[in-house]
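Just below is one structure, and these are the notes that go with it.
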Amino acid sequence: MVILLLGPPGSGKGTQAALIGRILAIPAISTGEIFRAEIKAGSELGRAVEDITRRGGLVPDELTNLIVSKRLAQADCRNGFLLDGYPRTVPQAEFLGAFLAGIHQPPPTVIHLDVPVECLVARLTARRQCPQCGHIYNLLYQPPVDEGRCDFDGSALIRRDDDREEVIRERIRAYEQSTGPLIAFYSSGNYHRIDGSLRPEEISRQIESILEPVFSGESAH
């Protein structure tokens with residue numbers, strides 16, 4: 001099974017991706033992680049990505065497709081995989097469709113975590129991080145025991161630069177601009193919209209109900 005997890009920054013994709021990966025025993029793959037792995041490995045593709053991102057540019061579709069398809073060709077993806085952060089554009093979605101057909105995988109199941117802008121802004125501006133251990137808190141949902149201090153090492157928590165409101169709104173605007181056509185592309189297929197403003201456990205329950213037919217189908221064999 002192939003699952004695409006769509007949602008804006010702050011929609012909780014990371015939490016749900018980990019859950020789905022555990023339930024289906026498939027790798028949950030984020031584009032950012034693939035890019036970082038290629039850069040760390042010092043590959044030719046990684047050097048190209050590093051050069052583009054260092055200059056503040058967007059990695060072009062052709063290069064993104066190459067890197068993602070290289071990762072999906074690995075053995076752990078043989079029984080399916082989840083993608084978080086890919087595809088981001090309709091040409092990438094078209095490439096993925098052809099790639100899946102080529103490796104005899106079914107069309108993807110698309111799960112879209114749809115969250116109102118103001119809810120996203122409130123969530124992301126409430127994030128705090130420990131500068132020492134890197135643990136992330138949320139003042140709304142997962143606050144530290146002692147206000148402003150890390151539970152693990154007592155360090156003063158910080159707000160990351162990319163969690164400032166003006167930066168968040170720009171990231172959301174860029175996401176909506178690119179993802180609108182992508183949602184239209186997938187909406188006639190196996191597409192499921194979930195209200196991403198719900199509590200994480202309720203979102204998880206809805207995702208499990210969407211995936212339940214997969215378990216039933218597998219248990220029938």
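Ligands are numbered from 1 in the order shown, chains are lettered A, B, ... in the order of the structure tokens, and residues start at 1 in each chain.
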Write out as a VMD selection string all residues of chain A that DSSP puts in helix (DSSP H, G or I) for this structure's backbone.
chain A and resid 13 to 24 31 to 41 44 to 54 61 to 72 75 to 77 90 to 102 117 to 125 161 to 163 165 to 186 200 to 219
Atoms kept (C-alpha atoms) for selection, written as a short mmCIF file (atom, residue, chain, number, x, y, z; two decimals), in the first residue's frame:
```cif
data_model
loop_
_atom_site.label_atom_id
_atom_site.label_comp_id
_atom_site.auth_asym_id
_atom_site.auth_seq_id
_atom_site.Cartn_x
_atom_site.Cartn_y
_atom_site.Cartn_z
CA LYS A 13 1.79 15.01 9.78
CA GLY A 14 4.89 13.76 11.62
CA THR A 15 2.83 12.31 14.48
CA GLN A 16 0.36 10.60 12.16
CA ALA A 17 3.06 9.37 9.75
CA ALA A 18 4.79 7.53 12.60
CA LEU A 19 1.48 5.96 13.64
CA ILE A 20 0.62 4.80 10.11
CA GLY A 21 4.11 3.40 9.62
CA ARG A 22 3.74 1.30 12.76
CA ILE A 23 0.22 0.10 11.90
CA LEU A 24 1.09 -1.01 8.37
CA THR A 31 11.33 14.38 1.58
CA GLY A 32 13.35 16.50 3.99
CA GLU A 33 14.94 13.41 5.52
CA ILE A 34 15.83 12.02 2.08
CA PHE A 35 17.46 15.31 1.09
CA ARG A 36 19.42 15.47 4.35
CA ALA A 37 20.59 11.87 3.91
CA GLU A 38 21.85 12.56 0.37
CA ILE A 39 23.64 15.72 1.53
CA LYS A 40 25.22 13.88 4.46
CA ALA A 41 26.34 11.05 2.15
CA GLU A 44 26.29 14.00 -6.48
CA LEU A 45 22.53 14.44 -5.97
CA GLY A 46 23.13 15.60 -2.39
CA ARG A 47 25.69 18.19 -3.48
CA ALA A 48 23.23 19.53 -6.06
CA VAL A 49 20.47 19.84 -3.44
CA GLU A 50 22.82 21.50 -0.94
CA ASP A 51 23.93 24.06 -3.50
CA ILE A 52 20.33 24.95 -4.40
CA THR A 53 19.06 25.17 -0.83
CA ARG A 54 22.08 27.17 0.33
CA ASP A 61 10.92 18.59 -9.85
CA GLU A 62 13.39 16.58 -11.93
CA LEU A 63 15.97 16.44 -9.14
CA THR A 64 13.36 15.77 -6.46
CA ASN A 65 11.89 12.93 -8.53
CA LEU A 66 15.33 11.37 -8.97
CA ILE A 67 16.11 11.46 -5.25
CA VAL A 68 12.69 10.15 -4.19
CA SER A 69 12.66 7.32 -6.76
CA LYS A 70 16.14 6.28 -5.61
CA ARG A 71 14.85 5.97 -2.03
CA LEU A 72 11.68 4.13 -3.08
CA ALA A 75 14.22 -3.07 -0.28
CA ASP A 76 12.23 -1.77 2.72
CA CYS A 77 9.71 -0.15 0.33
CA VAL A 90 1.17 18.07 -10.14
CA PRO A 91 4.20 17.13 -12.33
CA GLN A 92 5.68 15.31 -9.32
CA ALA A 93 2.33 13.54 -8.80
CA GLU A 94 2.28 12.48 -12.46
CA PHE A 95 5.84 11.16 -12.16
CA LEU A 96 4.92 9.24 -9.00
CA GLY A 97 1.89 7.69 -10.71
CA ALA A 98 4.06 6.39 -13.56
CA PHE A 99 6.71 5.19 -11.10
CA LEU A 100 4.13 3.24 -9.03
CA ALA A 101 2.72 1.61 -12.16
CA GLY A 102 6.26 0.62 -13.15
CA VAL A 117 -4.88 28.98 9.01
CA GLU A 118 -5.52 30.58 12.41
CA CYS A 119 -5.33 27.20 14.12
CA LEU A 120 -1.98 26.53 12.43
CA VAL A 121 -0.62 29.91 13.48
CA ALA A 122 -1.71 29.33 17.09
CA ARG A 123 -0.11 25.86 17.14
CA LEU A 124 3.20 26.86 15.58
CA THR A 125 3.72 30.07 17.55
CA ASP A 161 13.08 31.69 14.07
CA ASP A 162 10.81 29.75 11.70
CA ASP A 163 8.07 29.70 14.37
CA GLU A 165 4.10 34.45 13.05
CA GLU A 166 5.18 36.31 9.91
CA VAL A 167 7.37 33.39 8.82
CA ILE A 168 4.59 30.88 9.54
CA ARG A 169 2.03 32.81 7.50
CA GLU A 170 4.42 32.97 4.54
CA ARG A 171 5.08 29.21 4.76
CA ILE A 172 1.34 28.49 4.85
CA ARG A 173 0.73 30.81 1.89
CA ALA A 174 3.42 29.04 -0.15
CA TYR A 175 2.00 25.65 0.82
CA GLU A 176 -1.56 26.56 -0.19
CA GLN A 177 -0.38 27.96 -3.50
CA SER A 178 1.36 24.74 -4.49
CA THR A 179 -0.97 22.21 -2.88
CA GLY A 180 -4.34 23.43 -4.17
CA PRO A 181 -3.78 21.96 -7.66
CA LEU A 182 -2.35 18.78 -6.10
CA ILE A 183 -5.51 18.18 -4.04
CA ALA A 184 -7.62 18.74 -7.15
CA PHE A 185 -5.42 16.19 -8.97
CA TYR A 186 -6.04 13.51 -6.33
CA PRO A 200 -4.30 13.95 17.55
CA GLU A 201 -5.97 10.84 19.00
CA GLU A 202 -9.23 11.58 17.13
CA ILE A 203 -7.30 12.11 13.90
CA SER A 204 -5.56 8.77 14.51
CA ARG A 205 -8.93 7.04 14.98
CA GLN A 206 -10.20 8.43 11.69
CA ILE A 207 -7.04 7.34 9.88
CA GLU A 208 -7.34 3.84 11.33
CA SER A 209 -10.94 3.61 10.05
CA ILE A 210 -9.74 4.62 6.57
CA LEU A 211 -7.02 1.98 6.64
CA GLU A 212 -9.13 -0.77 8.21
CA PRO A 213 -10.21 -2.22 4.81
CA VAL A 214 -6.51 -2.76 4.06
CA PHE A 215 -6.17 -4.94 7.18
CA SER A 216 -9.35 -6.83 6.28
CA GLY A 217 -8.08 -7.46 2.77
CA GLU A 218 -4.73 -8.70 4.04
CA SER A 219 -6.26 -10.94 6.68
#
```
Write out as a VMD selection string all residues of range 78-179 of chain A that backbone DSSP assigns to strand (DSSP E).
chain A and resid 81 to 84 109 to 114 127 to 129 136 to 138
Take the selection from the previous step and output its residues with N, CA and C atoms, as an mmCIF file, in the first residue's frame.
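Written file, again_19.cif:
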```cif
data_model
loop_
_atom_site.group_PDB
_atom_site.id
_atom_site.type_symbol
_atom_site.label_atom_id
_atom_site.label_comp_id
_atom_site.auth_asym_id
_atom_site.auth_seq_id
_atom_site.Cartn_x
_atom_site.Cartn_y
_atom_site.Cartn_z
ATOM 1 N N PHE A 81 4.824 2.008 1.257
ATOM 2 C CA PHE A 81 5.506 3.088 1.963
ATOM 3 C C PHE A 81 4.557 4.269 2.120
ATOM 4 N N LEU A 82 4.912 5.145 3.041
ATOM 5 C CA LEU A 82 4.190 6.404 3.231
ATOM 6 C C LEU A 82 5.112 7.550 2.852
ATOM 7 N N LEU A 83 4.578 8.528 2.137
ATOM 8 C CA LEU A 83 5.352 9.705 1.754
ATOM 9 C C LEU A 83 4.777 10.949 2.418
ATOM 10 N N ASP A 84 5.642 11.690 3.085
ATOM 11 C CA ASP A 84 5.282 12.942 3.757
ATOM 12 C C ASP A 84 6.130 14.046 3.126
ATOM 13 N N THR A 109 -3.233 5.938 -1.659
ATOM 14 C CA THR A 109 -4.303 6.398 -0.785
ATOM 15 C C THR A 109 -3.849 7.739 -0.223
ATOM 16 N N VAL A 110 -4.656 8.776 -0.434
ATOM 17 C CA VAL A 110 -4.260 10.129 -0.051
ATOM 18 C C VAL A 110 -5.030 10.553 1.195
ATOM 19 N N ILE A 111 -4.293 10.904 2.245
ATOM 20 C CA ILE A 111 -4.884 11.399 3.488
ATOM 21 C C ILE A 111 -4.471 12.855 3.653
ATOM 22 N N HIS A 112 -5.459 13.732 3.676
ATOM 23 C CA HIS A 112 -5.219 15.179 3.709
ATOM 24 C C HIS A 112 -5.649 15.741 5.063
ATOM 25 N N LEU A 113 -4.687 16.205 5.844
ATOM 26 C CA LEU A 113 -4.986 16.858 7.116
ATOM 27 C C LEU A 113 -5.218 18.342 6.848
ATOM 28 N N ASP A 114 -6.475 18.735 6.874
ATOM 29 C CA ASP A 114 -6.859 20.103 6.510
ATOM 30 C C ASP A 114 -7.073 20.906 7.795
ATOM 31 N N ARG A 127 5.042 26.640 19.777
ATOM 32 C CA ARG A 127 6.123 25.659 19.877
ATOM 33 C C ARG A 127 7.337 26.256 20.568
ATOM 34 N N ARG A 128 7.958 25.445 21.397
ATOM 35 C CA ARG A 128 9.217 25.824 22.043
ATOM 36 C C ARG A 128 10.174 24.631 21.954
ATOM 37 N N GLN A 129 11.465 24.926 21.910
ATOM 38 C CA GLN A 129 12.448 23.857 21.779
ATOM 39 C C GLN A 129 13.570 24.028 22.786
ATOM 40 N N ILE A 136 11.031 19.089 21.579
ATOM 41 C CA ILE A 136 10.069 20.133 21.208
ATOM 42 C C ILE A 136 8.832 20.039 22.097
ATOM 43 N N TYR A 137 8.384 21.176 22.593
ATOM 44 C CA TYR A 137 7.182 21.283 23.409
ATOM 45 C C TYR A 137 6.161 22.137 22.665
ATOM 46 N N ASN A 138 4.909 22.052 23.113
ATOM 47 C CA ASN A 138 3.886 22.967 22.624
ATOM 48 C C ASN A 138 3.133 23.495 23.831
#
```
Length of the CA of Leu4 in chain A to CA of Tyr86 in chain A vector [Å]
7.5 Å
Between A:Phe152, A:Arg55, A:Gly80, A:Pro143, which residue has the minimum interatomic distance to Pro107 in chain A, considering only C-alpha atoms?
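Going through A:Phe152, A:Arg55, A:Gly80, A:Pro143 one by one, the smallest distance to Pro107 in chain A is for A:Gly80.
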Nearest residue to Leu157 in chain A out of A:Pro144, A:Gly42, A:Pro106, A:Gly56, using only C-alpha atoms?
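Checking each of A:Pro144, A:Gly42, A:Pro106, A:Gly56 against Leu157 in chain A, counting only C-alpha atoms, the winner is A:Pro144.
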Distance criterion (only C-alpha atoms): nearest to Gly7 in chain A out of A:Gly148, A:Pro27, A:Pro60, A:Pro116:
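Nearest to Gly7 in chain A: A:Pro116.
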Between A:Leu140, A:Ile29, A:Val115, A:Ile103, which is the closest to Ser11 in chain A once you count only C-alpha atoms?
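Between A:Leu140, A:Ile29, A:Val115, A:Ile103, the residue approaching Ser11 in chain A most closely is A:Val115.
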